[in-house]
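The next block is work38.txt, given as compact mmCIF, C-alpha atoms.
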# COMPACT_ATOMS: atom_id res chain seq x y z
CA MET A 25 0.00 0.00 0.00
CA VAL A 26 2.88 2.29 0.74
CA VAL A 27 4.32 1.54 -2.67
CA ASN A 28 1.01 2.29 -4.35
CA ALA A 29 0.67 5.59 -2.48
CA ARG A 30 4.15 6.62 -3.56
CA ALA A 31 3.33 5.67 -7.11
CA ARG A 32 0.19 7.74 -7.00
CA ASN A 33 2.13 10.66 -5.55
CA CYS A 34 4.72 10.37 -8.28
CA GLY A 35 1.95 10.33 -10.83
CA VAL A 36 0.44 13.47 -9.38
CA CYS A 37 3.84 15.18 -9.40
CA GLN A 38 4.35 14.16 -12.99
CA VAL A 39 0.95 15.55 -13.97
CA GLY A 40 1.69 18.82 -12.09
CA SER A 41 5.01 19.23 -13.82
CA ASP A 42 3.36 18.57 -17.17
CA VAL A 43 0.68 21.15 -16.46
CA SER A 44 3.32 23.65 -15.33
CA SER A 45 5.42 23.11 -18.44
CA MET A 46 2.31 23.48 -20.61
CA THR A 47 1.41 26.72 -18.82
CA HIS A 48 4.90 28.17 -19.31
CA SER A 49 4.87 27.16 -22.96
CA ASN A 50 1.47 28.81 -23.44
CA ILE A 51 2.74 31.99 -21.79
CA ASN A 52 5.81 32.03 -24.02
CA ALA A 53 3.66 31.42 -27.06
CA PHE A 54 1.33 34.26 -26.06
CA SER A 55 4.32 36.57 -25.60
CA ALA A 56 5.59 35.60 -29.00
CA LEU A 57 2.20 36.30 -30.53
CA LYS A 58 2.24 39.78 -28.99
CA ILE A 59 5.59 40.49 -30.62
CA LEU A 60 4.58 39.14 -34.03
CA PRO A 61 2.72 41.52 -36.36
CA SER A 62 -1.01 41.09 -36.72
CA SER A 63 -2.66 39.67 -39.82
CA HIS A 64 -3.97 43.13 -40.64
CA ASP A 65 -0.43 44.50 -40.61
CA LEU A 66 0.77 41.60 -42.78
CA LEU A 67 -1.98 42.22 -45.31
CA LEU A 68 -1.17 45.90 -45.36
CA SER A 69 2.53 45.19 -45.81
CA THR A 70 1.87 42.91 -48.79
CA ASP A 71 -0.40 45.45 -50.49
CA SER A 72 1.59 48.68 -50.40
CA PRO A 73 4.77 48.84 -48.32
CA GLY A 74 5.29 52.60 -48.84
CA ARG A 75 1.83 53.54 -47.72
CA ASP A 76 2.03 51.22 -44.73
CA LEU A 77 5.38 52.67 -43.68
CA SER A 78 3.90 56.16 -43.64
CA LYS A 79 0.91 54.90 -41.64
CA LEU A 80 3.20 53.23 -39.13
CA ASN A 81 5.19 56.45 -38.81
CA ASN A 82 1.98 58.36 -38.21
CA VAL A 83 0.96 55.89 -35.52
CA ARG A 84 4.35 56.21 -33.87
CA ARG A 85 4.10 60.01 -33.96
CA ARG A 86 0.64 59.84 -32.39
CA ARG A 87 1.87 57.53 -29.66
CA THR A 88 4.86 59.79 -29.05
CA SER A 89 2.60 62.85 -28.91
CA LEU A 90 0.26 61.09 -26.49
CA SER A 91 3.14 60.06 -24.24
CA ALA A 92 4.58 63.57 -24.35
CA TYR A 93 1.15 64.97 -23.56
CA SER A 94 0.78 62.64 -20.57
CA VAL A 95 4.19 63.61 -19.24
CA LYS A 96 3.38 67.28 -19.76
CA THR A 97 0.05 66.90 -17.94
CA LYS A 98 1.72 65.26 -14.96
CA MET A 99 4.41 67.95 -14.86
CA GLU A 100 1.81 70.73 -15.03
CA LYS A 101 -0.10 69.24 -12.12
CA THR A 102 3.00 68.93 -9.97
CA SER A 103 4.50 72.32 -10.88
CA SER A 104 1.35 74.48 -11.00
CA SER A 105 1.59 75.28 -7.30
CA ASP A 106 5.30 76.16 -7.60
CA LEU A 107 4.55 78.41 -10.57
CA GLY A 108 1.81 80.21 -8.63
CA MET A 109 4.16 80.87 -5.74
CA LYS A 110 6.84 82.18 -8.09
CA LEU A 111 4.40 84.56 -9.77
CA LEU A 112 3.18 85.77 -6.39
CA GLY A 113 6.79 86.35 -5.34
CA ASP A 114 7.44 88.32 -8.55
CA VAL A 115 4.52 90.64 -7.84
CA ILE A 116 5.49 91.13 -4.18
CA VAL A 117 9.13 91.89 -5.04
CA ALA A 118 8.16 94.33 -7.81
CA ALA A 119 5.69 96.16 -5.58
CA SER A 120 8.18 96.35 -2.69
CA VAL A 121 11.12 97.58 -4.74
CA THR A 122 9.11 100.17 -6.66
CA LEU A 123 7.57 101.42 -3.41
CA GLY A 124 11.00 102.63 -2.34
CA VAL A 125 11.89 104.16 -5.70
CA SER A 126 8.57 105.76 -6.68
CA PRO A 127 8.69 108.73 -4.24
CA PHE A 128 11.90 110.07 -5.78
CA VAL A 129 10.71 109.44 -9.35
CA ASN A 130 7.45 111.17 -8.47
CA ILE A 131 9.31 114.24 -7.25
CA ILE A 132 11.42 114.45 -10.41
CA ASP A 133 8.55 113.79 -12.81
CA LYS A 134 6.34 116.35 -11.08
CA ALA A 135 9.15 118.90 -11.31
CA ILE A 136 9.49 118.27 -15.06
CA VAL A 137 5.77 118.74 -15.64
CA GLN A 138 5.59 121.93 -13.54
CA ARG A 139 8.70 123.31 -15.20
CA ALA A 140 7.17 122.70 -18.63
CA ALA A 141 3.95 124.36 -17.48
CA GLY A 142 5.89 127.38 -16.19
CA THR A 143 4.37 127.30 -12.70
CA HIS A 144 7.57 126.29 -10.86
CA THR A 145 11.23 125.96 -11.53
CA THR A 146 12.74 122.51 -11.27
CA PHE A 147 14.50 123.37 -8.01
CA GLU A 148 11.40 124.94 -6.43
CA SER A 149 9.23 121.97 -7.32
CA CYS A 150 11.74 119.44 -5.94
CA ILE A 151 12.11 121.37 -2.67
CA GLU A 152 8.36 121.67 -2.22
CA SER A 153 7.71 117.97 -2.89
CA SER A 154 10.60 116.86 -0.66
CA ARG A 155 9.30 119.05 2.16
CA ASN A 156 5.86 117.46 1.84
CA LEU A 157 7.40 113.98 1.90
CA ILE A 158 9.38 114.68 5.08
CA ARG A 159 6.68 116.55 7.00
CA ASN A 160 3.64 114.45 5.98
CA PRO A 161 4.84 111.10 4.65
CA VAL A 162 1.45 109.40 5.02
CA THR A 163 -0.32 112.18 3.14
CA PHE A 164 2.37 112.09 0.45
CA LEU A 165 2.08 108.31 0.02
CA ARG A 166 -1.70 108.56 -0.22
CA SER A 167 -1.67 111.32 -2.81
CA PRO A 168 -2.97 110.46 -6.32
CA ALA A 169 0.28 111.60 -7.93
CA PHE A 170 2.37 109.13 -5.94
CA LEU A 171 -0.11 106.26 -6.25
CA MET A 172 -0.23 106.64 -10.03
CA MET A 173 3.56 106.69 -10.26
CA TRP A 174 3.86 103.64 -8.02
CA GLY A 175 1.16 101.87 -10.03
CA VAL A 176 3.03 102.44 -13.29
CA TYR A 177 6.34 101.06 -11.99
CA ALA A 178 4.77 98.20 -10.01
CA ALA A 179 2.68 97.10 -13.01
CA THR A 180 5.65 97.34 -15.39
CA TYR A 181 8.10 95.36 -13.27
CA SER A 182 5.44 92.85 -12.19
CA THR A 183 4.63 92.17 -15.83
CA ALA A 184 8.28 91.83 -16.79
CA ASN A 185 9.06 89.49 -13.89
CA CYS A 186 5.96 87.33 -14.39
CA LEU A 187 6.51 86.98 -18.13
CA LYS A 188 10.14 86.01 -17.58
CA THR A 189 9.05 83.41 -15.01
CA LEU A 190 6.46 81.98 -17.41
CA SER A 191 9.00 81.85 -20.23
CA GLU A 192 11.55 80.05 -18.04
CA HIS A 193 8.83 77.67 -16.78
CA GLN A 194 7.81 76.73 -20.32
CA GLU A 195 11.42 76.19 -21.37
CA LYS A 196 12.03 73.98 -18.34
CA GLN A 197 8.94 71.90 -19.15
CA ARG A 198 10.04 71.40 -22.75
CA LYS A 199 13.48 70.24 -21.66
CA GLU A 200 11.97 67.85 -19.12
CA ILE A 201 9.59 66.38 -21.71
CA ARG A 202 12.44 65.84 -24.16
CA ARG A 203 14.45 64.17 -21.46
CA GLN A 204 11.69 61.77 -20.36
CA VAL A 205 10.18 61.01 -23.76
CA SER A 206 12.11 59.81 -26.78
CA THR A 207 10.55 62.22 -29.24
CA SER A 208 10.90 62.49 -32.97
CA LYS A 209 12.52 65.44 -34.72
CA ASP A 210 9.13 66.73 -35.78
CA LEU A 211 7.99 66.92 -32.15
CA GLN A 212 11.17 68.60 -31.03
CA ASP A 213 11.16 71.23 -33.78
CA GLY A 214 7.43 71.87 -33.97
CA GLY A 215 4.91 73.27 -31.57
CA ASN A 216 4.79 76.42 -29.54
CA ARG A 217 8.11 77.95 -28.63
CA GLY A 218 6.68 79.84 -25.66
CA LEU A 219 6.96 83.50 -24.85
CA GLY A 220 10.63 84.18 -25.45
CA LYS A 221 12.38 87.52 -25.20
CA MET A 222 10.15 89.16 -27.79
CA GLY A 223 7.00 88.13 -25.91
CA VAL A 224 8.40 89.55 -22.68
CA PHE A 225 9.35 92.78 -24.45
CA LEU A 226 5.95 93.21 -26.14
CA GLY A 227 3.97 92.44 -23.00
CA THR A 228 6.04 94.81 -20.90
CA THR A 229 5.82 97.52 -23.56
CA ILE A 230 2.03 97.32 -23.73
CA VAL A 231 1.60 97.53 -19.95
CA ASN A 232 4.19 100.27 -19.49
CA SER A 233 3.02 102.42 -22.40
CA SER A 234 -0.67 102.27 -21.52
CA SER A 235 -0.13 102.96 -17.81
CA SER A 236 2.43 105.71 -18.51
CA LEU A 237 0.09 107.49 -20.92
CA LEU A 238 -2.67 107.48 -18.31
CA LYS A 239 -0.26 108.78 -15.67
CA ASP A 240 1.17 111.49 -17.94
CA ARG A 241 -2.29 112.67 -18.91
CA ALA A 242 -3.27 112.96 -15.23
CA TYR A 243 -0.02 114.77 -14.35
CA ALA A 244 -0.44 117.21 -17.23
CA ARG A 245 -3.96 118.09 -16.10
CA MET A 246 -3.09 118.32 -12.39
CA PHE A 247 0.02 120.50 -12.80
CA SER A 248 -0.74 122.31 -16.06
CA ALA A 249 -0.72 126.04 -16.70
CA ALA A 250 -3.88 128.12 -16.96
CA ALA A 251 -3.47 128.54 -20.72
CA ALA A 252 -3.23 124.82 -21.38
CA ALA A 253 -5.36 123.20 -24.05
CA PRO A 254 -8.71 121.79 -22.92
CA LYS A 255 -7.83 118.41 -24.43
CA ILE A 256 -4.46 116.74 -24.80
CA PRO A 257 -3.61 116.67 -28.53
CA LEU A 258 -2.83 113.44 -30.36
CA ILE A 259 0.72 114.58 -31.15
CA THR A 260 1.41 114.68 -27.41
CA TYR A 261 0.27 111.07 -27.02
CA GLY A 262 2.44 110.09 -29.99
CA LEU A 263 5.53 111.74 -28.51
CA TRP A 264 4.93 110.11 -25.13
CA ALA A 265 4.54 106.70 -26.79
CA ALA A 266 7.82 107.23 -28.65
CA ARG A 267 9.48 108.12 -25.35
CA ASP A 268 8.21 104.89 -23.75
CA LEU A 269 9.56 102.81 -26.63
CA MET A 270 12.97 104.45 -26.20
CA VAL A 271 13.04 103.80 -22.46
CA ILE A 272 11.88 100.18 -22.69
CA GLY A 273 14.17 99.43 -25.62
CA SER A 274 17.13 100.82 -23.70
CA SER A 275 16.29 98.53 -20.80
CA PHE A 276 15.52 95.25 -22.61
CA ILE A 277 17.12 95.29 -26.08
CA LEU A 278 20.14 97.61 -26.09
CA PRO A 279 22.02 96.12 -23.08
CA ASN A 280 22.50 92.72 -24.76
CA ARG A 281 23.85 94.24 -27.96
CA VAL A 282 25.93 96.91 -26.28
CA SER A 283 27.46 94.40 -23.86
CA GLN A 284 28.73 92.32 -26.78
CA GLN A 285 30.43 95.36 -28.28
CA ILE A 286 31.94 96.32 -24.91
CA SER A 287 33.24 92.79 -24.40
CA GLU A 288 34.79 92.65 -27.88
CA LEU A 289 36.40 96.10 -27.72
CA THR A 290 37.69 96.05 -24.14
CA GLY A 291 38.02 92.31 -23.43
CA MET A 292 35.75 92.68 -20.41
CA ASP A 293 33.95 89.66 -19.03
CA GLN A 294 30.51 89.17 -20.57
CA THR A 295 28.71 89.35 -17.21
CA ASN A 296 30.44 92.57 -16.18
CA ALA A 297 29.85 94.06 -19.62
CA LEU A 298 26.14 93.23 -19.38
CA ASN A 299 25.87 94.80 -15.94
CA LEU A 300 27.58 97.96 -17.20
CA ALA A 301 25.32 98.12 -20.25
CA GLN A 302 22.16 97.62 -18.17
CA PHE A 303 23.19 100.57 -16.01
CA ALA A 304 24.41 102.89 -18.77
CA CYS A 305 21.86 102.36 -21.54
CA PRO A 306 18.75 103.64 -19.68
CA ILE A 307 20.68 106.72 -18.52
CA ALA A 308 21.92 107.43 -22.04
CA ALA A 309 18.40 106.96 -23.41
CA GLN A 310 17.11 109.73 -21.14
CA LEU A 311 19.20 112.22 -23.13
CA VAL A 312 16.79 111.58 -26.01
CA ALA A 313 13.63 110.55 -24.15
CA ALA A 314 13.48 113.59 -21.84
CA PRO A 315 13.38 116.20 -24.66
CA VAL A 316 10.70 114.13 -26.40
CA GLN A 317 8.59 114.18 -23.23
CA LEU A 318 9.08 117.91 -22.81
CA LEU A 319 8.07 118.50 -26.41
CA GLY A 320 4.84 116.60 -25.82
CA LEU A 321 4.14 118.67 -22.72
CA ASP A 322 4.90 121.85 -24.64
CA TYR A 323 2.30 120.98 -27.27
CA TYR A 324 -0.25 120.67 -24.46
CA ASN A 325 0.73 123.70 -22.37
CA ARG A 326 1.18 126.06 -25.33
CA PRO A 327 -1.50 125.40 -27.93
CA LEU A 328 -0.21 126.74 -31.25
CA ALA A 329 -3.72 127.74 -32.32
CA GLN A 330 -3.71 130.57 -29.78
CA LEU A 331 -0.27 131.88 -30.78
CA SER A 332 0.91 133.89 -33.72
CA ARG A 333 3.50 132.58 -36.12
CA TRP A 334 6.34 134.45 -34.38
CA GLU A 335 5.18 133.41 -30.89
CA ALA A 336 4.99 129.75 -31.95

Please lay out the structure from this file as structure tokens.
Amino acid sequence: MVVNARARNCGVCQVGSDVSSMTHSNINAFSALKILPSSHDLLLSTDSPGRDLSKLNNVRRRRTSLSAYSVKTKMEKTSSSDLGMKLLGDVIVAASVTLGVSPFVNIIDKAIVQRAAGTHTTFESCIESSRNLIRNPVTFLRSPAFLMMWGVYAATYSTANCLKTLSEHQEKQRKEIRRQVSTSKDLQDGGNRGLGKMGVFLGTTIVNSSSSLLKDRAYARMFSAAAAAPKIPLITYGLWAARDLMVIGSSFILPNRVSQQISELTGMDQTNALNLAQFACPIAAQLVAAPVQLLGLDYYNRPLAQLSRWEA
């Protein structure tokens, strides 16, 4: 009986091993079938190989695009909170820095407008505004003239910082997608390139020009002479817009080009040359921008229709 039991056990073991080997062979066969092309693909390949190759390439591109899209979606979900915090930091930094600079710019700009109107000299206007700032700082900071000046600079630098952050964020996402997904050349070269330097320049120009024109119009009306025109002429707006383009171009475009010339002529390091150009170009641009602003104010404060030919 013991011998029979062992025989039965051996038979069971043999059957189990046979079933196991059959299972493994079926799994291997199924894996092989997955690797082999389908009958539909074989039929397509026998009909027109060129057309099928293009279809296969299209399918691969679609799969690559889908995988890149999935990676991009995951990255956007994980980095959206970081991007929001960066944008909030850009706005806070811009508002804080411009809050310290705007009082002095307000004093100078007010002096220019009053000097063009003929109501004050530049020195008298600066002394009067500085005295108001020292004696009543809260009243000065709550005045419409200061708030408009602060709004212009805060909006301009907030826009520039936020657009630069968005541009860098998009570039970082593209590099991460290319690193994680084996993309084709069409996917790498195509698609949206993001904001870039030109997008940052255009966005900053639009915000700065529109806010500056509103501020200049308010300043001209608040500090104008009695004989000023009832409405600001279009030529004044045109001159102020040209001034804004000069100032913004000297801050965003000229420093890169001038720094290259400085580095080539003097052998200065590129970083130091860029820092020097970023400091010098806006100051040099004021030599042209300031007379343009004064000319626009002059058209408003001295309407030519009320003057004779010799007085004009």

note = atom CA of Leu319 of chain A to atom CA of Ser154 of chain A measures 25.9 Å

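Put simply, atom CA of Ile132 of chain A is 29.0 Å away from atom CA of Ser283 of chain A.
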
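For the set A:Gly273, A:Gly113, A:Gly262, A:Gly175, the residue with the smallest atom-to-atom gap to Cys305 of chain A is A:Gly273, counting all atoms listed in the file.
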
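With distances taken over all atoms listed in the file, A:Ala244 is the one residue among A:Leu111, A:Ala244, A:Leu269, A:Ala313 lying closest to Arg139 of chain A.
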
query = With only C-alpha atoms as the atoms that count, which of A:Lys221, A:Lys239, A:Lys110, A:Arg203 lies nearest to Thr189 of chain A?
reply = A:Lys110

message = Need to verify the contact set: Leu237 of chain A, 8 Å, only C-alpha atoms, exclusion of same-chain residues closer than 3 positions in sequence. Can you return it as a ChimeraX atom specification?
response = /A:233-234,240-241,261,264-265

Skip Glu148 of chain A itself and residues of its chain fewer than 6 positions away, then list as an mmCIF file with C-alpha atoms, keeping the file's coordinate frame all residues within 12 Å of it, counting all atoms listed in the file.
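Dumped to selection09.cif:
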data_model
loop_
_atom_site.group_PDB
_atom_site.id
_atom_site.type_symbol
_atom_site.label_atom_id
_atom_site.label_comp_id
_atom_site.auth_asym_id
_atom_site.auth_seq_id
_atom_site.Cartn_x
_atom_site.Cartn_y
_atom_site.Cartn_z
ATOM 1 C CA ILE A 131 9.310 114.240 -7.250
ATOM 2 C CA ILE A 132 11.420 114.450 -10.410
ATOM 3 C CA LYS A 134 6.340 116.350 -11.080
ATOM 4 C CA ALA A 135 9.150 118.900 -11.310
ATOM 5 C CA ILE A 136 9.490 118.270 -15.060
ATOM 6 C CA GLN A 138 5.590 121.930 -13.540
ATOM 7 C CA ARG A 139 8.700 123.310 -15.200
ATOM 8 C CA GLY A 142 5.890 127.380 -16.190
ATOM 9 C CA SER A 154 10.600 116.860 -0.660
ATOM 10 C CA ARG A 155 9.300 119.050 2.160
#

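Using only C-alpha atoms, the shortest contact distance between Ser236 of chain A and any of A:Ser191, A:Thr122, A:Gln317, A:Gln310 is found at A:Gln317.
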
inquiry  = Can you measure atom CA of Ile259 of chain A to atom CA of Arg245 of chain A for me? One decimal in Å is fine.
reply    = 16.1 Å

key: Shell of 12 Å around Met246 of chain A, only C-alpha atoms, local chain residues under 3 positions omitted, as an MDAnalysis selection string   = chainID A and resid 134 137:138 141 143 167:169 239:243 249:250 252 325
